[in-house]
Every structure is written in C-alpha cells, then in structure tokens.
>>> print(open('data.csv').read())   # CSV, C-alpha atoms
chain,number,residue,atom,x,y,z
A,204,MET,CA,103.6,136.7,256.9
A,205,LEU,CA,102.7,133.6,259.0
A,206,LEU,CA,105.5,131.1,259.7
A,207,SER,CA,104.7,127.6,260.9
A,208,HIS,CA,107.0,124.9,262.2
A,209,ASN,CA,106.6,122.1,264.8
A,210,ASN,CA,109.1,123.5,267.3
A,211,PHE,CA,109.4,127.1,268.4
A,212,ASP,CA,112.4,126.5,270.7
A,213,ILE,CA,115.6,125.9,268.8
A,214,ALA,CA,116.7,122.2,268.8
A,215,GLY,CA,118.6,122.1,265.5
A,216,GLY,CA,119.2,123.5,262.1
A,217,ALA,CA,115.5,123.4,261.0
A,218,GLU,CA,114.5,125.6,263.9
A,219,VAL,CA,117.3,128.0,263.2
A,220,PHE,CA,116.1,128.4,259.6
A,221,TYR,CA,112.5,129.0,260.9
A,222,HIS,CA,113.6,131.8,263.2
A,223,GLU,CA,116.1,133.3,260.7
A,224,VAL,CA,113.4,133.7,258.1
A,225,GLY,CA,111.3,135.6,260.7
A,226,ARG,CA,114.3,137.7,261.8
A,227,VAL,CA,115.1,138.8,258.2
A,228,LEU,CA,111.4,139.6,257.5
A,229,LYS,CA,111.0,141.6,260.7
A,230,ALA,CA,114.2,143.5,260.0
A,231,GLN,CA,112.7,144.6,256.7
A,232,GLY,CA,109.5,145.9,258.4
A,233,HIS,CA,107.1,142.9,257.8
A,234,GLN,CA,104.7,141.8,260.4
A,235,VAL,CA,105.4,138.1,261.3
A,236,ALA,CA,103.2,135.6,263.2
A,237,TYR,CA,104.2,132.1,264.3
A,238,LEU,CA,102.4,128.8,264.7
A,239,SER,CA,104.2,126.0,266.5
A,240,ALA,CA,103.2,123.0,268.6
A,241,MET,CA,102.7,123.5,272.3
A,242,ASN,CA,105.4,121.0,273.2
A,243,ASN,CA,107.8,122.8,275.4
A,244,ALA,CA,108.4,125.9,277.6
A,245,ILE,CA,107.7,128.5,274.9
A,246,GLU,CA,107.7,132.3,275.5
A,247,THR,CA,106.1,134.2,272.7
A,248,GLU,CA,103.2,136.4,272.1
A,249,TRP,CA,101.8,133.8,269.8
A,250,ARG,CA,101.7,131.1,272.4
A,251,SER,CA,97.9,131.2,272.8
A,252,TYR,CA,97.5,129.9,269.3
A,253,PHE,CA,99.9,126.9,269.7
A,254,PRO,CA,97.9,123.6,269.7
A,255,SER,CA,98.7,120.7,272.1
A,256,VAL,CA,100.1,117.6,270.5
A,257,ALA,CA,100.5,114.0,271.6
A,258,ALA,CA,103.8,112.8,273.0
A,259,TYR,CA,104.3,110.0,270.6
A,260,SER,CA,107.7,108.9,272.1
A,261,THR,CA,106.2,108.1,275.5
A,262,GLY,CA,103.3,106.1,276.8
A,263,GLY,CA,102.2,102.5,276.3
A,264,VAL,CA,100.8,100.8,273.2
A,265,LEU,CA,97.2,101.8,273.9
A,266,ALA,CA,98.1,105.4,274.4
A,267,LYS,CA,100.0,105.5,271.1
A,268,ALA,CA,97.2,103.8,269.3
A,269,ILE,CA,94.7,106.3,270.6
A,270,ASN,CA,97.0,109.2,269.6
A,271,PHE,CA,97.9,107.8,266.2
A,272,PRO,CA,95.2,109.6,264.2
A,273,ARG,CA,96.5,112.9,265.5
A,274,MET,CA,99.9,112.1,264.1
A,275,ILE,CA,98.4,111.9,260.6
A,276,TYR,CA,95.9,114.7,260.8
A,277,ASN,CA,95.8,117.0,263.9
A,278,ARG,CA,92.4,118.7,263.9
A,279,ARG,CA,93.3,120.8,266.9
A,280,ALA,CA,96.2,122.2,264.9
A,281,LYS,CA,93.9,122.8,261.9
A,282,GLU,CA,91.6,124.8,264.2
A,283,SER,CA,94.5,126.8,265.6
A,284,MET,CA,95.7,127.7,262.2
A,285,ALA,CA,92.2,128.7,261.1
A,286,ARG,CA,91.9,131.0,264.2
A,287,LEU,CA,95.3,132.5,263.7
A,288,ILE,CA,94.6,133.2,260.0
A,289,GLU,CA,91.3,134.9,260.9
A,290,ASP,CA,93.0,137.1,263.6
A,291,PHE,CA,96.2,137.9,261.8
A,292,ASN,CA,95.1,137.9,258.1
A,293,PRO,CA,98.4,136.9,256.5
A,294,ASP,CA,99.3,137.4,252.9
A,295,ILE,CA,101.1,134.2,252.7
A,296,ILE,CA,102.0,131.2,254.9
A,297,HIS,CA,105.5,129.8,255.0
A,298,ALA,CA,105.6,126.3,256.5
A,299,PHE,CA,108.6,124.2,257.4
A,300,ALA,CA,108.6,120.8,259.2
A,301,ILE,CA,105.0,120.2,260.2
A,302,TYR,CA,104.6,116.5,260.1
A,303,VAL,CA,103.6,114.3,263.1
A,304,GLN,CA,102.9,117.2,265.4
A,305,LEU,CA,101.1,120.1,263.6
A,306,THR,CA,100.6,117.7,260.6
A,307,PRO,CA,99.6,118.9,257.1
A,308,ALA,CA,96.1,119.4,258.5
A,309,ILE,CA,97.1,123.0,258.9
A,310,LEU,CA,97.6,123.2,255.1
A,311,ASP,CA,93.9,122.4,254.6
A,312,ALA,CA,93.1,125.3,256.9
A,313,ALA,CA,95.2,127.6,254.7
A,314,ARG,CA,93.5,126.4,251.5
A,315,GLU,CA,90.0,126.8,253.0
A,316,ALA,CA,90.9,130.3,254.0
A,317,GLY,CA,92.3,131.2,250.6
A,318,VAL,CA,95.8,131.9,251.8
A,319,PRO,CA,98.7,130.5,249.6
A,320,VAL,CA,101.3,128.3,251.2
A,321,VAL,CA,105.0,127.8,250.4
A,322,LEU,CA,106.7,124.8,252.1
A,323,SER,CA,110.4,124.6,252.9
A,324,CYS,CA,111.5,121.0,252.8
A,325,ASN,CA,114.5,120.6,255.1
A,326,ASP,CA,114.5,116.8,254.9
A,327,TYR,CA,112.9,114.0,252.8
A,328,LYS,CA,109.7,113.3,254.9
A,329,HIS,CA,107.5,114.3,252.0
A,330,ILE,CA,108.8,111.4,250.0
A,331,CYS,CA,110.3,109.0,252.6
A,332,PRO,CA,108.6,107.7,255.7
A,333,ASN,CA,111.8,107.9,257.8
A,334,TYR,CA,112.8,111.3,256.2
A,335,LYS,CA,116.4,110.3,255.4
A,336,LEU,CA,116.4,108.1,252.3
A,337,TYR,CA,118.8,106.0,254.4
A,338,HIS,CA,118.7,103.1,256.8
A,339,HIS,CA,120.9,100.3,258.2
A,340,GLY,CA,124.0,101.6,256.5
A,341,ARG,CA,122.7,102.2,253.0
A,342,VAL,CA,121.0,104.8,250.9
A,343,CYS,CA,117.4,103.7,250.2
A,344,GLU,CA,114.7,104.6,247.7
A,345,ASP,CA,112.5,101.5,248.2
A,346,CYS,CA,109.4,103.6,248.8
A,347,LYS,CA,109.5,105.2,245.3
A,348,GLU,CA,106.2,104.9,243.4
A,349,GLY,CA,104.3,104.9,246.7
A,350,SER,CA,105.6,101.5,248.0
A,351,PHE,CA,105.5,102.7,251.6
A,352,TYR,CA,105.1,99.2,252.9
A,353,ARG,CA,108.8,98.8,252.3
A,354,ALA,CA,109.4,101.0,255.4
A,355,ILE,CA,107.8,98.2,257.5
A,356,ILE,CA,109.8,95.4,255.8
A,357,ASN,CA,113.0,97.5,256.3
A,358,ASN,CA,112.1,98.4,259.8
A,359,CYS,CA,113.7,101.8,259.0
A,360,CYS,CA,111.9,104.2,261.3
A,361,HIS,CA,113.7,104.6,264.6
A,362,GLY,CA,114.6,100.9,264.4
A,363,SER,CA,111.1,100.1,265.6
A,364,ILE,CA,108.4,98.0,263.9
A,365,ALA,CA,105.7,100.1,265.6
A,366,TYR,CA,107.2,103.4,264.4
A,367,SER,CA,107.7,101.9,260.9
A,368,VAL,CA,104.1,100.7,260.6
A,369,ALA,CA,102.9,104.1,261.9
A,370,SER,CA,105.1,106.0,259.5
A,371,ALA,CA,104.1,103.9,256.5
A,372,MET,CA,100.4,104.4,257.3
A,373,GLU,CA,101.0,108.1,257.7
A,374,ALA,CA,102.7,108.2,254.2
A,375,TYR,CA,99.8,106.2,252.6
A,376,ALA,CA,97.2,108.5,254.2
A,377,HIS,CA,98.9,111.7,253.1
A,378,ASN,CA,99.5,110.3,249.6
A,379,TRP,CA,95.9,109.3,249.3
A,380,MET,CA,94.7,112.7,250.4
A,381,ASN,CA,97.3,114.4,248.2
A,382,ILE,CA,97.6,116.7,251.1
A,383,TYR,CA,100.9,118.4,250.2
A,384,ARG,CA,100.5,119.0,246.5
A,385,LYS,CA,96.9,120.1,246.6
A,386,ASN,CA,97.6,122.7,249.4
A,387,VAL,CA,101.2,123.9,248.7
A,388,HIS,CA,101.6,126.5,246.0
A,389,THR,CA,105.4,126.2,245.8
A,390,PHE,CA,107.8,123.8,247.4
A,391,LEU,CA,111.2,125.3,248.5
A,392,PHE,CA,114.5,123.4,248.5
A,393,ALA,CA,117.9,124.3,249.7
A,394,SER,CA,119.6,121.9,247.3
A,395,GLU,CA,119.2,121.0,243.7
A,396,PHE,CA,119.7,117.4,244.8
A,397,MET,CA,116.5,117.3,246.9
A,398,ALA,CA,114.5,119.1,244.3
A,399,HIS,CA,115.4,116.7,241.6
A,400,ARG,CA,115.1,113.6,243.8
A,401,THR,CA,111.5,114.8,244.6
A,402,GLU,CA,110.8,115.1,240.9
A,403,GLU,CA,111.9,111.4,240.6
A,404,PHE,CA,109.4,110.4,243.2
A,405,TRP,CA,106.5,112.6,242.4
A,406,GLY,CA,106.9,113.3,238.7
A,407,LYS,CA,108.7,116.3,237.1
A,408,GLU,CA,105.6,118.4,236.2
A,409,SER,CA,103.5,117.5,239.2
A,410,PHE,CA,104.5,120.4,241.5
A,411,ARG,CA,106.1,123.8,241.5
A,412,TRP,CA,109.4,124.4,243.2
A,413,LYS,CA,112.0,127.0,243.8
A,414,MET,CA,115.5,127.1,245.3
A,415,LEU,CA,115.8,128.9,248.6
A,416,ARG,CA,118.9,128.3,250.6
A,417,ASN,CA,119.0,129.2,254.3
A,418,PRO,CA,120.4,132.5,255.4
A,419,PHE,CA,123.6,132.5,257.4
A,420,ASP,CA,124.5,135.3,259.7
A,421,ILE,CA,128.3,135.3,259.3
A,422,THR,CA,128.7,138.2,261.8
A,423,LYS,CA,127.7,135.7,264.6
A,424,ASN,CA,129.8,132.9,263.2
A,425,SER,CA,133.0,134.6,262.1
A,426,LEU,CA,136.2,133.0,263.5
A,427,ARG,CA,139.8,133.9,262.9
A,428,GLY,CA,142.6,131.6,263.8
A,429,PRO,CA,145.9,130.1,262.5
A,430,LEU,CA,146.1,127.3,260.0
A,431,GLY,CA,146.6,124.2,262.2
A,432,ASP,CA,147.9,120.8,261.6
A,433,TYR,CA,144.8,118.7,262.3
A,434,ALA,CA,141.6,117.7,260.5
A,435,LEU,CA,138.3,118.3,262.4
A,436,TYR,CA,135.0,116.5,262.5
A,437,PHE,CA,132.2,117.9,264.6
A,438,GLY,CA,128.7,116.6,264.8
A,439,ARG,CA,126.6,113.5,265.8
A,440,LEU,CA,128.4,110.2,266.2
A,441,ILE,CA,125.8,108.1,264.4
A,442,ASP,CA,125.8,105.7,261.5
A,443,GLU,CA,124.7,108.0,258.7
A,444,LYS,CA,127.3,110.6,259.5
A,445,GLY,CA,130.1,108.3,258.1
A,446,VAL,CA,132.6,108.8,260.9
A,447,ASP,CA,133.6,105.1,260.5
A,448,VAL,CA,134.8,106.0,257.0
A,449,LEU,CA,136.8,108.9,258.4
A,450,LEU,CA,138.5,106.4,260.8
A,451,GLU,CA,139.4,104.1,257.9
A,452,ALA,CA,140.8,107.1,256.0
A,453,ALA,CA,142.8,108.2,259.1
A,454,ALA,CA,144.4,104.7,259.1
A,455,ARG,CA,145.6,105.3,255.6
A,456,PHE,CA,147.1,108.8,256.4
A,457,ARG,CA,148.5,108.4,259.9
A,458,GLU,CA,150.7,111.5,259.7
A,459,LEU,CA,147.7,113.8,260.0
A,460,PRO,CA,146.0,114.2,263.5
A,461,VAL,CA,142.2,113.9,263.4
A,462,VAL,CA,140.1,115.5,266.1
A,463,ILE,CA,136.5,114.2,266.5
A,464,ILE,CA,134.1,116.4,268.5
A,465,GLY,CA,130.6,115.2,269.3
A,466,GLU,CA,128.4,112.6,271.0
A,467,GLY,CA,126.0,110.0,269.8
A,468,PRO,CA,125.0,106.3,270.0
A,469,ASP,CA,128.0,105.1,267.9
A,470,ARG,CA,130.7,106.8,270.0
A,471,GLU,CA,131.7,103.6,271.9
A,472,SER,CA,131.8,101.5,268.8
A,473,LEU,CA,133.8,104.1,266.9
A,474,GLU,CA,136.3,104.5,269.8
A,475,SER,CA,136.7,100.7,269.8
A,476,ARG,CA,137.3,100.6,266.1
A,477,ALA,CA,139.9,103.4,266.4
A,478,ALA,CA,141.7,101.2,269.0
A,479,GLU,CA,141.5,98.2,266.8
A,480,LEU,CA,143.2,100.2,264.0
A,481,GLY,CA,145.8,101.5,266.4
A,482,LEU,CA,144.9,105.1,265.5
A,483,THR,CA,147.2,107.2,267.7
A,484,ASN,CA,146.5,110.1,265.4
A,485,VAL,CA,142.7,110.2,266.2
A,486,SER,CA,141.3,112.0,269.3
A,487,PHE,CA,137.7,111.7,270.5
A,488,LEU,CA,137.0,114.8,272.6
A,489,GLY,CA,133.3,114.3,273.3
A,490,PRO,CA,130.7,117.1,273.0
A,491,LYS,CA,132.2,120.6,272.8
A,492,TRP,CA,130.0,123.5,271.7
A,493,GLY,CA,130.1,127.3,271.9
A,494,ASP,CA,133.5,128.8,272.7
A,495,ASP,CA,135.0,125.3,273.1
A,496,LEU,CA,134.1,124.3,269.6
A,497,SER,CA,135.1,127.7,268.2
A,498,GLY,CA,138.6,127.2,269.5
A,499,TRP,CA,139.1,123.9,267.8
A,500,LEU,CA,137.4,125.1,264.6
A,501,SER,CA,139.4,128.3,264.3
A,502,CYS,CA,142.7,126.5,264.5
A,503,CYS,CA,142.1,123.4,262.4
A,504,ARG,CA,143.5,122.9,258.9
A,505,PHE,CA,140.2,121.7,257.3
A,506,VAL,CA,136.9,120.2,258.3
A,507,VAL,CA,135.6,116.8,257.1
A,508,VAL,CA,131.9,116.1,256.5
A,509,PRO,CA,131.8,112.3,255.7
A,510,SER,CA,128.1,111.8,255.6
A,511,ARG,CA,126.7,108.5,254.2
A,512,TRP,CA,123.2,109.8,253.8
A,513,HIS,CA,122.0,112.5,251.4
A,514,GLU,CA,122.4,115.5,253.7
A,515,ASN,CA,120.4,118.5,252.3
A,516,PHE,CA,122.2,121.6,253.6
A,517,PRO,CA,124.7,120.8,256.4
A,518,TYR,CA,125.1,123.7,258.7
A,519,VAL,CA,128.6,122.6,259.7
A,520,ILE,CA,129.8,123.4,256.3
A,521,PHE,CA,128.8,127.0,256.7
A,522,GLN,CA,130.4,127.1,260.2
A,523,ALA,CA,133.6,125.9,258.6
A,524,PHE,CA,133.5,128.3,255.7
A,525,ALA,CA,132.8,131.2,258.1
A,526,ALA,CA,136.0,130.3,259.9
A,527,GLY,CA,137.9,130.3,256.6
A,528,LYS,CA,138.4,126.6,256.5
A,529,PRO,CA,138.0,124.4,253.4
A,530,VAL,CA,135.8,121.3,253.7
A,531,ILE,CA,136.3,117.7,252.5
A,532,GLY,CA,132.8,116.2,252.0
A,533,SER,CA,131.2,113.1,250.6
A,534,ASN,CA,129.3,113.1,247.3
A,535,ARG,CA,125.9,112.8,249.0
A,536,GLY,CA,122.9,115.1,248.9
A,537,GLY,CA,123.6,118.9,248.7
A,538,ILE,CA,127.2,118.6,250.0
A,539,PRO,CA,128.9,118.8,246.5
A,540,GLU,CA,126.9,121.9,245.6
A,541,LEU,CA,128.2,123.8,248.5
A,542,ILE,CA,131.8,122.6,248.3
A,543,ASP,CA,132.3,122.9,244.5
A,544,HIS,CA,135.1,120.4,244.2
A,545,GLY,CA,138.5,122.1,244.0
A,546,ALA,CA,137.2,125.5,244.8
A,547,ARG,CA,136.2,125.4,248.5
A,548,GLY,CA,137.5,121.9,249.3
A,549,PHE,CA,137.2,118.4,247.8
A,550,VAL,CA,134.4,115.9,247.2
A,551,TYR,CA,134.9,112.2,247.4
A,552,GLU,CA,133.0,109.0,247.0
A,553,ALA,CA,131.1,108.5,250.3
A,554,SER,CA,131.8,104.8,250.7
A,555,SER,CA,135.5,105.0,249.9
A,556,PRO,CA,138.0,105.5,252.7
A,557,GLU,CA,140.8,105.5,250.0
A,558,ALA,CA,139.2,108.4,248.2
A,559,LEU,CA,138.8,110.3,251.5
A,560,ALA,CA,142.4,109.7,252.5
A,561,THR,CA,143.5,111.0,249.1
A,562,ALA,CA,141.6,114.2,249.6
A,563,MET,CA,142.9,114.5,253.1
A,564,ARG,CA,146.5,114.2,251.8
A,565,LYS,CA,145.9,117.0,249.3
A,566,LEU,CA,145.1,119.4,252.1
A,567,GLY,CA,147.2,117.8,254.8
A,568,ASN,CA,150.4,117.8,252.8
A,569,GLY,CA,149.4,120.8,250.6
A,570,LYS,CA,151.1,124.1,250.7
A,571,ASP,CA,149.7,126.4,253.4
A,572,ASP,CA,149.0,129.2,250.9
A,573,VAL,CA,146.9,126.8,248.8
A,574,VAL,CA,144.9,125.7,251.8
A,575,LYS,CA,144.4,129.3,253.0
A,576,ASP,CA,143.3,130.4,249.5
A,577,MET,CA,140.6,127.7,249.5
A,578,GLY,CA,139.5,128.9,253.0
A,579,ARG,CA,139.3,132.5,251.7
A,580,ARG,CA,137.1,131.5,248.8
A,581,ALA,CA,134.9,129.5,251.2
A,582,ARG,CA,134.5,132.5,253.4
A,583,SER,CA,133.8,134.9,250.5
A,584,TYR,CA,131.2,132.4,249.2
A,585,VAL,CA,129.2,132.6,252.4
A,586,GLU,CA,129.6,136.4,252.7
A,587,GLU,CA,128.4,137.0,249.2
A,588,GLU,CA,125.7,134.3,248.7
A,589,PHE,CA,124.1,133.9,252.1
A,590,ASN,CA,123.9,137.4,253.6
A,591,ASP,CA,120.6,138.8,254.7
A,592,LYS,CA,120.2,141.2,251.7
A,593,ARG,CA,120.6,138.4,249.2
A,594,PHE,CA,118.4,136.0,251.1
A,595,TYR,CA,115.6,138.7,251.5
A,596,GLU,CA,115.7,139.4,247.7
A,597,ARG,CA,115.3,135.7,246.9
A,598,LEU,CA,112.6,135.2,249.5
A,599,MET,CA,110.5,138.2,248.3
A,600,GLY,CA,110.9,137.1,244.7
A,601,ILE,CA,109.3,133.8,245.6
A,602,TYR,CA,106.6,135.4,247.7
A,603,GLU,CA,105.7,137.9,245.0
A,604,GLY,CA,105.6,135.2,242.4
A,605,VAL,CA,103.1,133.2,244.5
A,606,LEU,CA,100.9,136.3,245.2
A,607,ARG,CA,100.7,137.4,241.5
>>> encode(input="data.csv", output="structure tokens")
Amino acid sequence: MLLSHNNFDIAGGAEVFYHEVGRVLKAQGHQVAYLSAMNNAIETEWRSYFPSVAAYSTGGVLAKAINFPRMIYNRRAKESMARLIEDFNPDIIHAFAIYVQLTPAILDAAREAGVPVVLSCNDYKHICPNYKLYHHGRVCEDCKEGSFYRAIINNCCHGSIAYSVASAMEAYAHNWMNIYRKNVHTFLFASEFMAHRTEEFWGKESFRWKMLRNPFDITKNSLRGPLGDYALYFGRLIDEKGVDVLLEAAARFRELPVVIIGEGPDRESLESRAAELGLTNVSFLGPKWGDDLSGWLSCCRFVVVPSRWHENFPYVIFQAFAAGKPVIGSNRGGIPELIDHGARGFVYEASSPEALATAMRKLGNGKDDVVKDMGRRARSYVEEEFNDKRFYERLMGIYEGVLR
C-alpha cells in the first residue's frame, strides 16, 4: 500500500490518521510506502522520494506569484509519485490531505500508472476553498455550484485577499480539470455529515464514497480518575471553536466551574469577555498538553465541544470518551454522530448559550451515577468501534472492493 499526505511529521489529527493507517497495515503484515512533501526535518526510508514544495506563507508578492502554479499542480510531486509507483509497485494508493503542497497532480500519476486511489477527506477542501465551510463567524455554503469567486468577495481564506484569490483560482482549476473525481475511485469520509454535504455540492450519483472513521488506540489514551466538579474545554482558542458561546453559557450556570485549556488568537478577547461577564467560575489555564492535560481530563465531570463550524471528526471527543467522560457538543458536522444525544452526552444548538447551559446543568447537577454511566458508555463505544481489528476489517473491505 502507498500512503500519501502533505506532512510526514505529526502536526495535528490529519497526520495522526495518516500514520495510524500505516501502523495498522504494517501490524497486519502489509508493506507500506509513504509519499509526503519535503517540508521539514523528516527521518524515513522514503525521504528520497519526497518532492520539494514552495513555502507559500513566506516571501514577497513576486515569489508567491512565481510559485502559484505549483500550488495548483505540482509537477515535481507528480514525477515523484510516478517514480515511487514504479519502484514500489503498490496495489492501491490511499491519499489524505494533498492540496497546495503535493497537489492532486499526484492523482494523475496514479491514474496514468493504472493504480487505483482512495482519498480520505479530513476537511472540506474538495468543495470549499477555505476548507471549513465557515468564515467570519458564520457557516457558509456560498461556493456551492462552483461559485468559487465568492471566496474572494468573502475574503475567507486566512483573512487575506491574496490567499482568497489564490484559493478561488485553485478551486476553479481543479474543478475544470475534474481532477479529483476522474482520478479517485472511492472517497472516504469519517462522518455521514461530510459525505452528504459533498453530495449536495457535487451531485448524489457523481462519485463513489464509503465511511471510514479513524482508528483510535485507546491503550495509549486510557485515563482513570474521579468524577470532578468542573466542566473542561481543551483546544484552540479561535472563533470557529465557539468558546465565546461556552462563556455565555457559563454566565447562565455560575455554580459550575469551567476550565479552559488552550491557546490561540482569541485568547485575549475571550479573557476580556469573561471579565466583562464577571465569570469567577471560569479559569483560563493556557496550553497544557501531555501529562498536564491528562490530569485535568481524568478528573473533570464532562467535556464541552462548542464548535461553531462543521467539525468532521473531533479527536478531543475520543480523548474524552477514552477517559470515561461524557461530552456536550454542538449540532455541527460529525459531532452529533459521535455523541448520540442522551447516550454519551448531549447535543445542543451551536448558536444558543441557553441550550448549552441547559445541557451543562443536566450533567453538572445530575446524579453522579448517571454521569458515570454516560462515561462508561462513551468508553465502551470507543473500545468496541474504533479498535485496530474493527478498523482493519473496514479498511480492507474498502480496498478489496476497489481492487475487484
């Protein structure tokens, strides 16, 4: 199997998924090759195949203009893929996030070599220039039916007109080339929400898709701790994460302590808002990861995931479930599918602080046995549905269907 993703080093959940797929395949005796961009200090036997990519976030206007074609179609990456296919002779190629750096040019190399491709979509880049279906505080589907110029009008890509123009042109070019659908045999989604939203953009019968949720190694994420008296948020402090809604909810339920762990561009404004509301029950602890985070997670009462955008497959939910903690999450993206309202936590209307406060009261004031039972169901769900054996069976079922 040949796995391809922009980044080989782990920077977030997408890279974790990339390497977890490889880990599971190798554990079952499969040979696995990797193709990523040569964009950091990578140590792997496959390094010699990794193509160089332009640094689009640095340099002046002229440099960015010169490098722009490589953002849309990286011929060096295509050549690297062709060389790796010839040397490794894979049965199938499993691609992940490849836009901007490797670019879907590598998919052309696979088609020309006669190797089928499956593509795991971890975000909405295939249908949305800014990959989130969200900008400036609102969910957005303005680019539906190929209206990618709306990304420029909305200035929705990194808050930059230059990025927005480039991303709109990239989307138009890929759409004109039909580069994804002509090269990908089967698209893989971790949530029913993303699959059906893609159907709305592309047309229901215009592509094949299957569900493939990420594996989760609960043995590395298992935590045990007492049922505490505080709610916990951990993650980025940025608009789309909805922490402002959590603050408004905390103002409506002041009896419950709320601990906020994380860093981001909105931290200062969120702390100011908490002060304005007089929230003595809210504590901002800054970034705490590893054992520091584990201590807070293992002893909380429940976790809140208040996202405003359509999160696909939030890793924090699985961390909470592995610790035996129920989750209160917004009704956006794949979040409701994981929580299953009333079973492993509660789902609320994302824009409503009142609805979030009501859910927080249910768990904050609820009997300990009820909260613990929800946490046990959450942990069992992860153990039974996301273990390596179950993931491998699903993955091979997809691969075998493609290769028939």
>>> residues_around(input="data.csv", residues="stretch 412-422 of chain A", least_positions_apart="3", cutoff="7 Å", atoms="only C-alpha atoms", output="list in words")
Phe220, Glu223, Thr389, Phe390, Leu391, Phe392, Ala393, Ser394, Ser425, Ala525, Glu586, Phe589, Asn590, Asp591 and Phe594 of chain A
>>> closest_residue(input="data.csv", among="A:Met397, A:Val321, A:Ala581, A:Leu500", to="A:Arg384", atoms="only C-alpha atoms")
A:Val321
>>> residues_around(input="data.csv", residues="stretch 317-319 of chain A", least_positions_apart="6", cutoff="9 Å", atoms="all atoms listed in the file", output="list in words")
Ile288, Asn292, Pro293, Asp294, Ile295, Ile296, His297, Asn386, Val387, His388, Thr389, Val605 and Leu606 of chain A
>>> write_last_selection(input="data.csv", atoms="C-alpha atoms", output="mmCIF file, in the frame of the given file")
data_model
loop_
_atom_site.group_PDB
_atom_site.id
_atom_site.type_symbol
_atom_site.label_atom_id
_atom_site.label_comp_id
_atom_site.auth_asym_id
_atom_site.auth_seq_id
_atom_site.Cartn_x
_atom_site.Cartn_y
_atom_site.Cartn_z
ATOM 1 C CA ILE A 288 94.600 133.200 260.000
ATOM 2 C CA ASN A 292 95.100 137.900 258.100
ATOM 3 C CA PRO A 293 98.400 136.900 256.500
ATOM 4 C CA ASP A 294 99.300 137.400 252.900
ATOM 5 C CA ILE A 295 101.100 134.200 252.700
ATOM 6 C CA ILE A 296 102.000 131.200 254.900
ATOM 7 C CA HIS A 297 105.500 129.800 255.000
ATOM 8 C CA ASN A 386 97.600 122.700 249.400
ATOM 9 C CA VAL A 387 101.200 123.900 248.700
ATOM 10 C CA HIS A 388 101.600 126.500 246.000
ATOM 11 C CA THR A 389 105.400 126.200 245.800
ATOM 12 C CA VAL A 605 103.100 133.200 244.500
ATOM 13 C CA LEU A 606 100.900 136.300 245.200
#
>>> residues_around(input="data.csv", residues="A:Ser370", least_positions_apart="4", cutoff="12 Å", atoms="only C-alpha atoms", output="ChimeraX atom specification")
/A:259,271-272,274-275,302-303,328-334,346,351-355,358-366,374-377
>>> atom_distance(input="data.csv", atom1="atom CA of A:Ala236", atom2="atom CA of A:Ser283")
12.6 Å
>>> residues_around(input="data.csv", residues="stretch 208-218 of chain A", least_positions_apart="3", cutoff="7 Å", atoms="all atoms listed in the file", output="PyMOL selection string")
chain A and resi 221-222+238-240+245+298-301+304-305+325+518
>>> residues_around(input="data.csv", residues="stretch 471-485 of chain A", least_positions_apart="6", cutoff="8 Å", atoms="all atoms listed in the file", output="list in words")
Val446, Asp447, Leu450, Ala453, Ala454, Arg457, Glu458, Leu459, Pro460, Val461, Val462 and Ile463 of chain A
>>> atom_distance(input="data.csv", atom1="atom CA of A:Ser555", atom2="atom CA of A:Ser510")
11.6 Å
